[in-house]
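Comments concern the structure below.
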Amino acid sequence: MKLFGLALLLCGGVSGFTSVKGRAQNARTILRGGVSSDLGTPCEEECALESFPNMPESVHPGVLTGQAQVDLLNHAKENGESSSPGEHAATPFLLSIASRHLASNACLEAARRNDAPIIIQFSSGGSQFYGGKGLDNKNYAAAIAGAVSGAFHVRTMAEQYGVPVILHTDHCAKKLLPWIDGLLAASERYYEKHGEPLFSSHMIDLSEEPIEENIDICKDYLSRFSKIGMLLEMELGITGGEEDGVNNEDVPLEDLYSKPEEIYQVYDALTPISDQFTVAAAFGNVHGVYSPGNVKLEPKILTRAQAYISEKLGGSAPSDGKPVKFVFHGGSGSDVSDIQEAIGYGVIKMNIDTDTQWSYWEGIKNFESKYHDYLQGQIGNPEGPTKPNKKYYDPRECMRAAEVNTVTRLDQCFADLKCVNILGLGEKADAENVLGPRRGGLPV
């Protein structure tokens, strides 16, 4: 049995969803006729497949919502079980956030190269950057516009790369709820016209609020999400470290570990509304990369919670003993054994950001080091004082080097999650680049 891993929200049947077959056909028609074809970039060849050889029929190239997303995550959960102890796997994963908004193409390229689905998500800060730091962000207007713009980019290009994508937004603290309100309104308008939301899912992070308030607000959003086929990710307990301007480096140690009773409290409150939610429970997770020994993950917290909730559910507990779909925040720098252990306890999504921030920068750094003497002026280099340097300082050159380095880092991520060659498309031929800086470009 092929094992693989994924990265994002949960699965199951949600109220308001249509049938798998009907919903999938509707989504495919919309994606091809409403995005690619209208832009003159029709979805052809492998991208135009009705479905993937190794995936549920509803899973198609492009952004997944509704039942197609549910089916992918259910498939991930069902096929992520290990045939032998210690060999767990999850499903596809990934973030494209913060100042790395330009890395979304690298994410799509990596997904196709690894023959796997992927999750791309935007943070509020990354969305604002996408919209432009010169644009007024009062009432989060720039962040809303930037995220919507990014969503349309991903929707269009995911079809061209021929891979299934879950389109998500990251941590949304209480003060950022107006940002999500704007995006949800955009998804509701998109749903009215196209029968599916603009985004696949959103994360509401009220982990710093009292648990009762956290749950009550999440219930309100889940009720609204479920009407248009969206999924909710909520956070319980605090992820340490620093991420997108939020610093949790000095929080009390006990806040980094969720309790089974709290996780059950969330499960019990949200399930009557919809089972389309995931829980980013804290088990020592930390954003960023720290020296060995400074981060102590306790994945067994997750399996204890699964057992506790299963006992509470009694005969209605799922046969696999994993009623909760968990999310693993702070994947960068984590030990592979911890990652795979957590996956075995019901994690269906793992976030990685810090490592890919570094890979993007490292690509630029290495490019500058390699061509340093060609980047000191517009004219003149080691080949002669009148030689032009345009093909070296063209920003697309160093940015492509950043993309290539990031794709290489993501190859490792896919391998760690056993999420390689799972769509069934096989190896992708090299792209034919006949225009732009790659024509006669640098051997980066």
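By convention in this document, the chains of the structure tokens carry letters A, B, ... by their order, each chain's residues are numbered from 1, and ligands are numbered from 1 in the order they are shown.
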Requested in this report: Just the residues within 10 Å of region 189-191 of chain A, please, counting only C-alpha atoms, with nothing from its chain fewer than 5 positions along; format it as a VMD selection string.
Outcome: chain A and resid 183 to 184 196 to 199 227 to 229
Close residues, Gly426 (chain A) itself excluded, 9 Å, only C-alpha atoms, min 2 positions apart in chain, as a short mmCIF file (atom, residue, chain, number, x, y, z; two decimals) with C-alpha atoms, in the first residue's frame:
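Result file is result_4.cif:
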```
data_model
loop_
_atom_site.label_atom_id
_atom_site.label_comp_id
_atom_site.auth_asym_id
_atom_site.auth_seq_id
_atom_site.Cartn_x
_atom_site.Cartn_y
_atom_site.Cartn_z
CA ARG A 113 7.49 17.49 -9.83
CA ASN A 114 6.59 15.25 -6.90
CA ASP A 115 3.29 14.14 -8.47
CA ASN A 421 4.15 9.90 -6.77
CA ILE A 422 0.64 9.66 -5.34
CA LEU A 423 -1.46 11.33 -8.06
CA GLY A 424 -0.47 8.79 -10.69
CA LYS A 428 6.87 15.50 -15.71
#
```
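CA of Pro318 (chain A) sits 18.5 Å away from CA of Ala342 (chain A).
With CA of Thr408 (chain A) on one side and CA of Ala110 (chain A) on the other, the separation reads 7.8 Å.
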Give one line per residue of region 129-235 of chain A that approaches region 258-277 of chain A to at most 6 Å, naming the two atoms of the closest pair and their distance in Å to one decimal, counting only C-alpha atoms; sort by chain then ascending residue number and deliver it as CSV.
```
residue,atom,partner,partner_atom,distance
A:Leu231,CA,A:Gln276,CA,5.3
A:Leu232,CA,A:Phe277,CA,4.6
A:Glu233,CA,A:Phe277,CA,5.5
```
Requested in this report: Using CA of Leu222 (chain A) and CA of Asn351 (chain A) as the two end points, give the distance in Å to one decimal.
Outcome: 21.5 Å
Query raised in the report: Between A:Ala147, A:Ile119, A:Ala173, A:Ile215, which has the minimum distance to Gly132 (chain A) (counting only C-alpha atoms)?
Result: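 Answer, going by the shortest atom-to-atom distance: A:Ala147.
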Report task. Do a neighbour search on Asp320 (chain A) at 10 Å with only C-alpha atoms, toss out local chain neighbours closer than 5 positions, and write the hits as an MDAnalysis selection string. Result -> chainID A and resid 77:78 81 306 310 346
For the residues in that selection, give me C-alpha atoms as a CSV table (one decimal), in the first residue's frame.
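What follows is the written file selection_5.csv:
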```
chain,number,residue,atom,x,y,z
A,77,LYS,CA,-6.5,9.8,6.3
A,78,GLU,CA,-7.4,6.3,4.9
A,81,GLU,CA,-2.1,4.5,7.9
A,306,GLN,CA,-7.9,10.6,20.4
A,310,SER,CA,-13.2,7.9,21.5
A,346,GLY,CA,-4.2,11.8,13.2
```
Query raised in the report: Contacts of His372 (chain A) at 12 Å or less, counting only C-alpha atoms, minus same-chain residues fewer than 4 places along, as a ChimeraX atom specification?
Result: /A:364-368,376-377,381-382,389,392-393,398
**Report entry** Of the listed residues A:Pro117, A:Gly384, A:Gly237, A:Gly363, that which approaches Ala76 (chain A) most closely, counting only C-alpha atoms
**Finding:** A:Pro117
Report task. Determine which residues of region 186-390 of chain A DSSP labels as strand (DSSP E) from the backbone of this structure, then write them out as an MDAnalysis selection string. Result -> chainID A and resid 201:204 231:236 240:243 246:248 277:281 286:287 326:328 347:350 379:381 384:388
Report task. Kindly indicate which residue among A:Ser149, A:Thr156, A:Ser319, A:Ser123 lies nearest to Ala307 (chain A), using only C-alpha atoms for the distances. Result ->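 Answer, going by the shortest atom-to-atom distance: A:Ser319.
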Report summary line: For Arg409 (chain A), the closest of A:Glu159, A:Glu212, A:Asp355, A:Glu397 counting only C-alpha atoms is A:Asp355
Requested in this report: Skip Thr65 (chain A) itself and residues of its chain fewer than 2 positions away, then list as a list in words all residues within 6 Å of it, counting only C-alpha atoms.
Outcome: Ala68, Gln69 and Ser200 of chain A
Report task. Apply DSSP to the structure's backbone, then extract all residues of region 107-251 of chain A labelled helix (DSSP H, G or I) and return them as JSON, numbers by chain. Result -> {"A": [107, 108, 109, 110, 111, 112, 113, 124, 125, 126, 127, 128, 129, 130, 131, 138, 139, 140, 141, 142, 143, 144, 145, 146, 147, 148, 149, 150, 151, 152, 153, 154, 155, 156, 157, 158, 159, 160, 161, 174, 175, 176, 177, 178, 179, 180, 181, 182, 183, 184, 185, 186, 187, 188, 189, 190, 191, 192, 193, 194, 211, 212, 213, 214, 215, 216, 217, 218, 219, 220, 221, 222, 223, 224, 225, 226]}
Selection: 7 Å around Gly284 (chain A), only C-alpha atoms, excl. self and same-chain fewer than 4 positions, as a tab-separated table (two decimals) with N, CA and C atoms, in the first residue's frame:
```tsv
chain	number	residue	atom	x	y	z
A	256	LEU	N	1.97	25.53	25.92
A	256	LEU	CA	2.42	24.92	24.67
A	256	LEU	C	1.92	23.49	24.52
A	257	TYR	N	1.11	23.02	25.49
A	257	TYR	CA	0.63	21.64	25.44
A	257	TYR	C	-0.87	21.60	25.74
A	295	VAL	N	13.44	22.74	21.61
A	295	VAL	CA	12.05	22.43	21.30
A	295	VAL	C	11.77	20.99	21.69
A	296	LYS	N	10.77	20.80	22.54
A	296	LYS	CA	10.42	19.45	23.00
A	296	LYS	C	9.01	19.12	22.56
A	297	LEU	N	8.91	18.40	21.47
A	297	LEU	CA	7.60	17.98	20.97
A	297	LEU	C	7.10	16.76	21.73
A	298	GLU	N	5.80	16.72	21.99
A	298	GLU	CA	5.17	15.59	22.67
A	298	GLU	C	3.98	15.11	21.83
```
